[in-house]
$ cat final.tsv   # TSV, C-alpha atoms
chain	number	residue	atom	x	y	z
A	6	MET	CA	12.45	99.07	166.43
A	7	LYS	CA	15.14	101.73	166.83
A	8	LYS	CA	18.22	101.50	164.66
A	9	VAL	CA	21.83	102.05	165.65
A	10	SER	CA	24.37	102.97	162.97
A	11	ILE	CA	28.09	102.35	163.46
A	12	VAL	CA	30.49	104.25	161.18
A	13	VAL	CA	34.09	103.05	160.86
A	14	PRO	CA	36.60	105.01	158.75
A	15	THR	CA	39.44	102.86	157.40
A	16	TYR	CA	42.80	103.38	155.77
A	17	ASN	CA	45.22	100.45	155.47
A	18	GLU	CA	43.50	98.41	158.18
A	19	GLU	CA	43.49	94.94	156.57
A	20	LYS	CA	44.53	93.27	159.84
A	21	ASN	CA	41.81	94.98	161.86
A	22	VAL	CA	38.58	95.16	159.86
A	23	ILE	CA	37.50	91.51	160.24
A	24	PRO	CA	38.10	91.22	164.02
A	25	LEU	CA	36.61	94.69	164.46
A	26	SER	CA	33.42	93.80	162.60
A	27	GLU	CA	33.14	90.60	164.67
A	28	ALA	CA	33.64	92.56	167.90
A	29	ILE	CA	31.01	95.15	166.96
A	30	VAL	CA	28.45	92.52	165.93
A	31	SER	CA	29.12	90.62	169.16
A	32	GLU	CA	28.67	93.81	171.22
A	33	LEU	CA	25.40	94.60	169.45
A	34	LYS	CA	24.13	91.04	169.78
A	35	GLU	CA	24.96	90.71	173.49
A	36	ASN	CA	24.04	94.16	174.79
A	37	LEU	CA	21.77	95.79	172.18
A	38	SER	CA	19.80	92.87	170.79
A	39	ARG	CA	16.53	94.84	170.78
A	40	TYR	CA	17.94	97.34	168.29
A	41	ASP	CA	18.28	97.04	164.54
A	42	TYR	CA	21.70	98.04	163.28
A	43	GLU	CA	23.94	98.85	160.35
A	44	ILE	CA	27.72	99.04	160.22
A	45	ILE	CA	29.22	101.34	157.59
A	46	PHE	CA	32.88	101.06	156.72
A	47	ILE	CA	34.16	104.00	154.67
A	48	ASP	CA	37.54	103.28	153.12
A	49	ASN	CA	39.79	106.20	152.23
A	50	ASP	CA	41.63	104.57	149.30
A	51	SER	CA	43.58	101.94	151.24
A	52	GLN	CA	46.70	100.66	149.51
A	53	ASP	CA	46.74	97.23	151.20
A	54	GLY	CA	44.15	94.45	151.27
A	55	THR	CA	41.55	96.33	153.32
A	56	ARG	CA	39.01	96.50	150.49
A	57	ASN	CA	39.22	92.77	149.81
A	58	LYS	CA	38.53	92.12	153.49
A	59	LEU	CA	35.58	94.51	153.43
A	60	ARG	CA	34.11	92.76	150.39
A	61	GLU	CA	34.33	89.49	152.31
A	62	ILE	CA	32.66	90.99	155.37
A	63	CYS	CA	29.86	92.60	153.37
A	64	GLY	CA	29.29	89.35	151.50
A	65	ASN	CA	28.62	87.55	154.77
A	66	ASN	CA	26.35	90.12	156.43
A	67	CYS	CA	24.12	92.49	154.49
A	68	ARG	CA	23.80	94.78	157.50
A	69	ILE	CA	27.48	95.61	157.09
A	70	LYS	CA	28.00	98.15	154.32
A	71	ALA	CA	31.04	99.70	152.71
A	72	ILE	CA	31.88	102.85	150.77
A	73	PHE	CA	35.08	102.98	148.75
A	74	ASN	CA	36.39	106.48	148.10
A	75	ALA	CA	37.85	107.22	144.66
A	76	LYS	CA	40.97	108.66	146.33
A	77	ASN	CA	42.19	109.69	149.76
A	78	PHE	CA	40.12	112.70	150.78
A	79	GLY	CA	41.82	113.32	154.11
A	80	GLN	CA	41.36	112.37	157.72
A	81	PHE	CA	38.38	114.66	158.35
A	82	ASN	CA	36.26	114.50	155.20
A	83	SER	CA	35.95	110.72	155.03
A	84	PRO	CA	34.59	110.08	158.57
A	85	TYR	CA	32.29	113.09	158.28
A	86	TYR	CA	30.91	111.84	154.98
A	87	GLY	CA	30.38	108.39	156.51
A	88	LEU	CA	28.25	109.95	159.26
A	89	LEU	CA	26.08	111.62	156.64
A	90	GLN	CA	25.36	108.25	154.97
A	91	SER	CA	24.01	106.64	158.14
A	92	THR	CA	20.28	105.92	158.47
A	93	GLY	CA	20.00	105.04	162.15
A	94	ASP	CA	18.17	106.84	164.93
A	95	CYS	CA	21.64	107.38	166.36
A	96	THR	CA	25.11	107.02	164.84
A	97	ILE	CA	28.31	105.99	166.59
A	98	LEU	CA	31.73	106.85	165.14
A	99	VAL	CA	34.46	104.31	165.95
A	100	CYS	CA	38.09	104.14	164.78
A	101	ALA	CA	39.24	100.96	163.04
A	102	ASP	CA	42.36	100.22	165.10
A	103	PHE	CA	40.68	99.17	168.40
A	104	GLN	CA	41.94	102.24	170.24
A	105	ASP	CA	38.29	103.10	170.90
A	106	PRO	CA	36.83	100.46	173.28
A	107	ILE	CA	34.04	98.58	171.49
A	108	ASP	CA	32.34	97.71	174.79
A	109	MET	CA	31.47	101.40	175.22
A	110	ILE	CA	28.92	101.23	172.41
A	111	HIS	CA	26.11	100.03	174.67
A	112	ARG	CA	27.03	102.64	177.28
A	113	PHE	CA	26.68	105.35	174.64
A	114	VAL	CA	23.24	104.03	173.72
A	115	GLU	CA	22.17	103.89	177.38
A	116	GLU	CA	23.04	107.58	177.82
A	117	TRP	CA	21.30	108.41	174.54
A	118	GLU	CA	18.13	106.74	175.82
A	119	LYS	CA	18.27	109.07	178.83
A	120	GLY	CA	17.74	112.00	176.47
A	121	TYR	CA	21.26	113.10	175.51
A	122	LYS	CA	21.59	113.97	171.84
A	123	ILE	CA	25.39	113.59	171.87
A	124	VAL	CA	27.44	111.21	173.97
A	125	ILE	CA	31.16	111.91	173.86
A	126	GLY	CA	33.99	109.51	174.59
A	127	GLN	CA	36.81	111.49	176.19
A	128	LYS	CA	40.32	110.10	176.67
A	129	THR	CA	41.43	110.60	180.27
A	130	THR	CA	44.41	108.25	180.01
A	131	SER	CA	46.12	106.56	177.11
A	132	LYS	CA	48.39	103.61	176.39
A	133	GLU	CA	49.90	105.43	173.43
A	134	ASN	CA	53.33	107.06	173.46
A	135	PRO	CA	53.40	109.25	176.63
A	136	ILE	CA	55.25	112.01	174.79
A	137	MET	CA	52.54	112.15	172.10
A	138	TYR	CA	49.83	112.15	174.75
A	139	PHE	CA	51.56	115.06	176.53
A	140	LEU	CA	51.89	117.03	173.29
A	141	ARG	CA	48.23	116.39	172.47
A	142	SER	CA	47.27	117.61	175.95
A	143	CYS	CA	49.23	120.83	175.40
A	144	TYR	CA	47.55	121.31	172.03
A	145	TYR	CA	44.03	120.78	173.38
A	146	ARG	CA	44.60	123.16	176.29
A	147	THR	CA	46.04	125.81	174.01
A	148	ILE	CA	43.14	125.65	171.55
A	149	LYS	CA	40.66	125.63	174.44
A	150	ARG	CA	42.17	128.83	175.83
A	151	LEU	CA	42.37	130.59	172.47
A	152	SER	CA	39.00	129.59	171.06
A	153	SER	CA	35.81	131.56	171.59
A	154	VAL	CA	34.00	128.19	171.50
A	155	GLU	CA	34.36	125.87	174.50
A	156	GLN	CA	36.48	123.09	173.01
A	157	ILE	CA	36.44	119.52	174.36
A	158	GLU	CA	39.83	118.20	175.43
A	159	HIS	CA	40.99	114.79	174.20
A	160	PHE	CA	37.93	114.29	172.03
A	161	THR	CA	38.71	112.57	168.73
A	162	GLY	CA	35.18	112.12	167.39
A	163	PHE	CA	34.53	108.80	169.16
A	164	GLY	CA	30.98	109.05	170.39
A	165	LEU	CA	27.26	108.85	169.63
A	166	TYR	CA	25.27	111.39	167.61
A	167	ASP	CA	21.50	111.57	167.48
A	168	ARG	CA	19.76	111.67	164.10
A	169	ASP	CA	18.78	115.30	164.74
A	170	PHE	CA	22.44	116.28	165.00
A	171	ILE	CA	23.32	114.27	161.89
A	172	ASP	CA	20.65	116.28	160.07
A	173	VAL	CA	22.40	119.47	161.25
A	174	LEU	CA	25.66	118.15	159.78
A	175	ARG	CA	23.91	117.48	156.46
A	176	ASP	CA	22.67	121.07	156.32
A	177	LEU	CA	26.10	122.60	157.05
A	178	LYS	CA	27.61	121.78	153.65
A	179	ASP	CA	31.10	122.48	154.98
A	180	PRO	CA	33.79	121.24	152.53
A	181	THR	CA	36.44	121.22	155.29
A	182	PRO	CA	34.55	119.96	158.35
A	183	PHE	CA	36.22	119.77	161.74
A	184	LEU	CA	33.82	117.52	163.63
A	185	ARG	CA	35.33	118.10	167.07
A	186	GLY	CA	34.82	121.85	166.78
A	187	ILE	CA	31.35	121.47	165.25
A	188	VAL	CA	30.24	119.28	168.16
A	189	ALA	CA	31.49	121.89	170.64
A	190	GLU	CA	29.96	124.80	168.72
A	191	LEU	CA	26.63	123.44	167.47
A	192	GLY	CA	26.06	120.33	169.54
A	193	PHE	CA	22.82	119.59	171.36
A	194	ARG	CA	22.54	118.43	174.95
A	195	LYS	CA	25.55	116.20	175.55
A	196	THR	CA	27.29	114.12	178.17
A	197	ILE	CA	30.84	112.84	178.44
A	198	ILE	CA	32.02	109.31	179.25
A	199	PRO	CA	35.73	109.03	180.14
A	200	TYR	CA	37.78	106.10	178.89
A	201	GLU	CA	41.35	104.88	178.55
A	202	GLN	CA	42.63	104.86	175.00
A	203	GLN	CA	44.00	101.46	174.06
A	204	GLN	CA	47.05	100.65	171.97
A	205	ARG	CA	46.59	100.02	168.27
A	206	ARG	CA	45.78	96.33	167.78
A	207	ALA	CA	47.70	95.85	164.53
A	208	GLY	CA	49.25	97.84	161.71
A	209	LYS	CA	50.82	101.27	161.79
A	210	THR	CA	49.16	104.61	162.25
A	211	SER	CA	48.92	106.78	159.15
A	212	ASN	CA	49.33	109.94	161.20
A	213	ASN	CA	52.53	111.86	160.56
A	214	PHE	CA	53.77	115.36	161.30
A	215	MET	CA	52.00	116.96	158.32
A	216	LYS	CA	48.65	115.32	159.12
A	217	LEU	CA	48.89	116.40	162.74
A	218	TYR	CA	49.87	119.89	161.58
A	219	ASP	CA	46.86	120.00	159.22
A	220	ALA	CA	44.58	119.03	162.10
A	221	ALA	CA	46.06	121.70	164.35
A	222	MET	CA	45.81	124.40	161.66
A	223	LEU	CA	42.22	123.47	160.76
A	224	SER	CA	41.08	123.89	164.36
A	225	PHE	CA	43.25	127.00	164.80
A	226	THR	CA	41.90	128.81	161.73
A	227	SER	CA	38.31	127.62	162.22
A	228	TYR	CA	37.84	128.49	165.87
A	229	THR	CA	40.38	131.16	166.86
A	230	LYS	CA	41.11	134.75	165.89
A	231	ILE	CA	44.29	134.97	167.92
A	232	GLY	CA	46.63	134.65	164.92
A	233	LEU	CA	45.24	137.71	163.15
A	234	ARG	CA	44.88	139.64	166.41
A	235	MET	CA	48.50	138.90	167.35
A	236	ALA	CA	49.67	140.13	163.94
A	237	THR	CA	47.82	143.40	164.52
A	238	PHE	CA	48.90	143.94	168.13
A	239	ILE	CA	52.53	142.94	167.63
A	240	GLY	CA	52.64	145.08	164.48
A	241	PHE	CA	51.53	148.11	166.49
A	242	ALA	CA	53.95	147.29	169.32
A	243	VAL	CA	56.92	146.90	166.98
A	244	SER	CA	55.96	150.11	165.16
A	245	PHE	CA	55.85	152.10	168.41
A	246	ALA	CA	59.14	150.55	169.55
A	247	SER	CA	60.75	151.42	166.22
A	248	ILE	CA	59.56	155.03	166.48
A	249	ALA	CA	60.86	155.28	170.06
A	250	ILE	CA	64.24	153.86	169.09
A	251	ALA	CA	64.44	156.22	166.12
A	252	LEU	CA	63.68	159.23	168.36
A	253	VAL	CA	66.32	158.15	170.90
A	254	TYR	CA	68.82	157.70	168.08
A	255	LEU	CA	67.98	161.14	166.67
A	256	ILE	CA	68.31	162.85	170.06
A	257	LEU	CA	71.66	161.18	170.77
A	258	LYS	CA	72.84	162.12	167.32
A	259	LEU	CA	71.88	165.77	167.83
A	260	ILE	CA	73.44	166.00	171.28
A	261	TYR	CA	76.59	164.04	170.54
A	262	TRP	CA	76.75	164.61	166.81
A	263	ASP	CA	80.53	164.64	166.71
A	264	ARG	CA	81.05	161.59	168.93
A	265	PHE	CA	77.99	159.34	168.53
A	266	VAL	CA	78.58	156.35	166.26
A	267	ALA	CA	75.94	153.58	166.43
A	268	GLY	CA	77.37	151.40	163.66
A	269	THR	CA	75.41	149.13	161.31
A	270	ALA	CA	74.94	146.15	163.64
A	271	PRO	CA	71.75	147.46	165.35
A	272	ILE	CA	70.25	148.28	161.96
A	273	LEU	CA	70.95	144.81	160.58
A	274	ILE	CA	69.63	143.10	163.71
A	275	GLY	CA	66.48	145.21	163.56
A	276	MET	CA	65.97	144.40	159.88
A	277	PHE	CA	66.30	140.66	160.47
A	278	PHE	CA	63.98	140.80	163.48
A	279	LEU	CA	61.29	142.73	161.65
A	280	GLY	CA	61.65	140.49	158.59
A	281	ALA	CA	61.18	137.37	160.75
A	282	ILE	CA	58.07	138.85	162.38
A	283	GLN	CA	56.61	139.68	158.97
A	284	LEU	CA	57.28	136.20	157.57
A	285	ILE	CA	55.72	134.49	160.59
A	286	PHE	CA	52.52	136.47	160.37
A	287	MET	CA	52.36	136.22	156.60
A	288	GLY	CA	52.37	132.44	157.15
A	289	VAL	CA	49.63	132.69	159.79
A	290	MET	CA	47.45	134.85	157.56
A	291	GLY	CA	48.18	132.47	154.69
A	292	GLU	CA	46.69	129.61	156.73
A	293	TYR	CA	43.50	131.62	157.26
A	294	ILE	CA	43.35	132.51	153.55
A	295	LEU	CA	43.90	128.87	152.59
A	296	SER	CA	41.03	127.84	154.86
A	297	ILE	CA	38.77	130.48	153.31
A	298	ASN	CA	39.81	129.48	149.80
A	299	THR	CA	38.99	125.82	150.41
A	300	ARG	CA	35.54	126.71	151.73
A	301	VAL	CA	34.80	129.11	148.87
A	302	MET	CA	35.61	126.43	146.27
A	303	ASN	CA	32.96	124.23	147.98
A	304	ARG	CA	34.22	120.98	146.49
A	305	PRO	CA	32.50	117.71	147.47
A	306	LEU	CA	33.55	116.03	150.69
A	307	VAL	CA	34.19	112.70	148.98
A	308	ILE	CA	33.86	111.15	145.53
A	309	GLU	CA	32.67	107.55	145.78
A	310	GLU	CA	34.08	104.77	143.66
A	311	GLU	CA	31.84	101.96	144.89
A	312	ARG	CA	29.18	101.05	147.44
A	313	LEU	CA	28.46	97.66	148.93
A	314	ASN	CA	25.13	96.54	150.49
A	315	PHE	CA	23.39	99.89	150.07
A	316	SER	CA	20.66	98.43	147.86
A	317	GLU	CA	17.05	98.71	148.96
A	318	LYS	CA	16.75	94.99	149.68
A	319	SER	CA	19.54	95.13	152.26
A	320	GLN	CA	18.29	98.14	154.19
A	321	GLY	CA	16.18	96.29	156.73
A	322	GLY	CA	17.61	92.78	156.86
A	323	GLY	CA	14.79	90.24	157.06
A	324	ILE	CA	14.48	87.47	154.47
A	325	ASN	CA	17.08	89.10	152.23
A	326	CYS	CA	19.77	89.04	154.93
A	327	ARG	CA	21.51	85.71	154.50
A	328	ILE	CA	22.95	85.39	158.01
A	329	GLU	CA	20.12	86.98	159.99
A	330	THR	CA	19.83	83.97	162.27
A	331	GLU	CA	23.49	84.18	163.15
A	332	VAL	CA	23.48	87.75	164.41
A	333	ASP	CA	20.05	88.10	166.05

$ encode --input "final.tsv" --output "structure tokens"
Amino acid sequence: MKKVSIVVPTYNEEKNVIPLSEAIVSELKENLSRYDYEIIFIDNDSQDGTRNKLREICGNNCRIKAIFNAKNFGQFNSPYYGLLQSTGDCTILVCADFQDPIDMIHRFVEEWEKGYKIVIGQKTTSKENPIMYFLRSCYYRTIKRLSSVEQIEHFTGFGLYDRDFIDVLRDLKDPTPFLRGIVAELGFRKTIIPYEQQQRRAGKTSNNFMKLYDAAMLSFTSYTKIGLRMATFIGFAVSFASIAIALVYLILKLIYWDRFVAGTAPILIGMFFLGAIQLIFMGVMGEYILSINTRVMNRPLVIEEERLNFSEKSQGGGINCRIETEVD
């Protein structure tokens, strides 16, 4: 019997985890009853009652597992680490806030059975804030144009990944993984299923400006060279312009030496302009250096505090699974 793994990253989702687990189990029972399954919740140090809810869920169904991180390890490391802990023939990554339609799980599996190693859920429309959706669209298009790797627009990680691809992820040992870029760069044969992103069911998103900025910079420094190239090209252009202006100034001074007075304003403006250019590109290069530094340190993706239902007796269900008759 083939096994489907569902990975759900959580952070302050106490109002969503119970209905989400019920919806996933119902989807698996109704449309994928011939498959074994596991559901792995990986909690990124929630500060509300999410962990208590997860303990309750895991206590009622041994096929539902949970990993509690020792601290918040960021929006990319935690889901990626959860994927690496899956044991299924395929693994599906789903967000915890119901913005990813649960009824697409069986459609992912159907495409996987046709031979696709990766099945991507791509947002074509969204019920989120239209301004945010527009800004995200601009971001995706910009990165797609700048990157040497064909990036996938409006792809958040929601999708199915074959065990072979999960094994590739295990071998990467990347301490700052950007799953969306990795799928585009190293992914196997894949297909895309469009969907409409739903509104968050309950709670508030943890995304803020700095988290969105971190995501943008991680993709920018991982998959583009444009920042460093721009620093080089603009540096040359400004240098040539400065030399040309200096020559013009010198010629005018020699010709009209007794009447030519340029004043200090052009010099001050030029100094401020060049200083601004230097600061901007020092910041850009700093982002690249920070990315390199993080990778060189090679720290672990996640430090676990606790695991639930990962014991050997709970791996396959059967007589040790107390509610087997309820879900099969």

$ atom_distance --input "final.tsv" --atom1 "CA of Ile285 in chain A" --atom2 "CA of Gly186 in chain A"
25.2 Å

$ residues_around --input "final.tsv" --residues "Ile29 in chain A" --least-positions-apart "3" --cutoff "9 Å" --atoms "all atoms listed in the file" --output "ChimeraX atom specification"
/A:11,24-26,32-34,44,107-108,110

$ closest_residue --input "final.tsv" --among "A:Asn21, A:Thr15, A:Thr130, A:Ser10" --to "Leu37 in chain A" --atoms "all atoms listed in the file"
A:Ser10

$ atom_distance --input "final.tsv" --atom1 "CA of Arg141 in chain A" --atom2 "CA of Thr161 in chain A"
10.9 Å

$ residues_around --input "final.tsv" --residues "range 98-102 of chain A" --least-positions-apart "5" --cutoff "7 Å" --atoms "only C-alpha atoms" --output "PyMOL selection string"
chain A and resi 11-15+18+21-22+25+162-165+205-207

$ closest_residue --input "final.tsv" --among "A:Glu116, A:Ala71, A:Gly126, A:Phe170" --to "Val188 in chain A" --atoms "all atoms listed in the file"
A:Phe170

$ residues_near_point --input "final.tsv" --point "(42.9, 110.8, 183.1)" --cutoff "10 Å" --atoms "all atoms listed in the file" --output "number ranges by chain"
A: 127-131, 159, 199-201

$ atom_distance --input "final.tsv" --atom1 "CA of Val307 in chain A" --atom2 "CA of Ile69 in chain A"
20.1 Å

$ closest_residue --input "final.tsv" --among "A:Glu158, A:Glu27, A:Glu19, A:Glu310" --to "Ala189 in chain A" --atoms "all atoms listed in the file"
A:Glu158

$ closest_residue --input "final.tsv" --among "A:Thr196, A:Asn82, A:Thr181, A:Gln156" --to "Tyr121 in chain A" --atoms "all atoms listed in the file"
A:Thr196

$ closest_residue --input "final.tsv" --among "A:Val114, A:Ile123, A:Ala251, A:Cys63" --to "Asp167 in chain A" --atoms "all atoms listed in the file"
A:Ile123

$ residues_near_point --input "final.tsv" --point "(54.6, 145.1, 166.5)" --cutoff "12 Å" --atoms "all atoms listed in the file" --output "PDB file with C-alpha atoms, keeping the file's coordinate frame"
ATOM      1  CA  ARG A 234      44.880 139.640 166.410  1.00  0.00           C
ATOM      2  CA  MET A 235      48.500 138.900 167.350  1.00  0.00           C
ATOM      3  CA  ALA A 236      49.670 140.130 163.940  1.00  0.00           C
ATOM      4  CA  THR A 237      47.820 143.400 164.520  1.00  0.00           C
ATOM      5  CA  PHE A 238      48.900 143.940 168.130  1.00  0.00           C
ATOM      6  CA  ILE A 239      52.530 142.940 167.630  1.00  0.00           C
ATOM      7  CA  GLY A 240      52.640 145.080 164.480  1.00  0.00           C
ATOM      8  CA  PHE A 241      51.530 148.110 166.490  1.00  0.00           C
ATOM      9  CA  ALA A 242      53.950 147.290 169.320  1.00  0.00           C
ATOM     10  CA  VAL A 243      56.920 146.900 166.980  1.00  0.00           C
ATOM     11  CA  SER A 244      55.960 150.110 165.160  1.00  0.00           C
ATOM     12  CA  PHE A 245      55.850 152.100 168.410  1.00  0.00           C
ATOM     13  CA  ALA A 246      59.140 150.550 169.550  1.00  0.00           C
ATOM     14  CA  SER A 247      60.750 151.420 166.220  1.00  0.00           C
ATOM     15  CA  ILE A 248      59.560 155.030 166.480  1.00  0.00           C
ATOM     16  CA  PHE A 278      63.980 140.800 163.480  1.00  0.00           C
ATOM     17  CA  LEU A 279      61.290 142.730 161.650  1.00  0.00           C
ATOM     18  CA  GLY A 280      61.650 140.490 158.590  1.00  0.00           C
ATOM     19  CA  ALA A 281      61.180 137.370 160.750  1.00  0.00           C
ATOM     20  CA  ILE A 282      58.070 138.850 162.380  1.00  0.00           C
ATOM     21  CA  GLN A 283      56.610 139.680 158.970  1.00  0.00           C
ATOM     22  CA  PHE A 286      52.520 136.470 160.370  1.00  0.00           C
TER      23      PHE A 286
END

$ residues_around --input "final.tsv" --residues "Val173 in chain A" --least-positions-apart "3" --cutoff "12 Å" --atoms "all atoms listed in the file" --output "PyMOL selection string"
chain A and resi 88-89+122+166-170+176-179+184+187-188+190-193
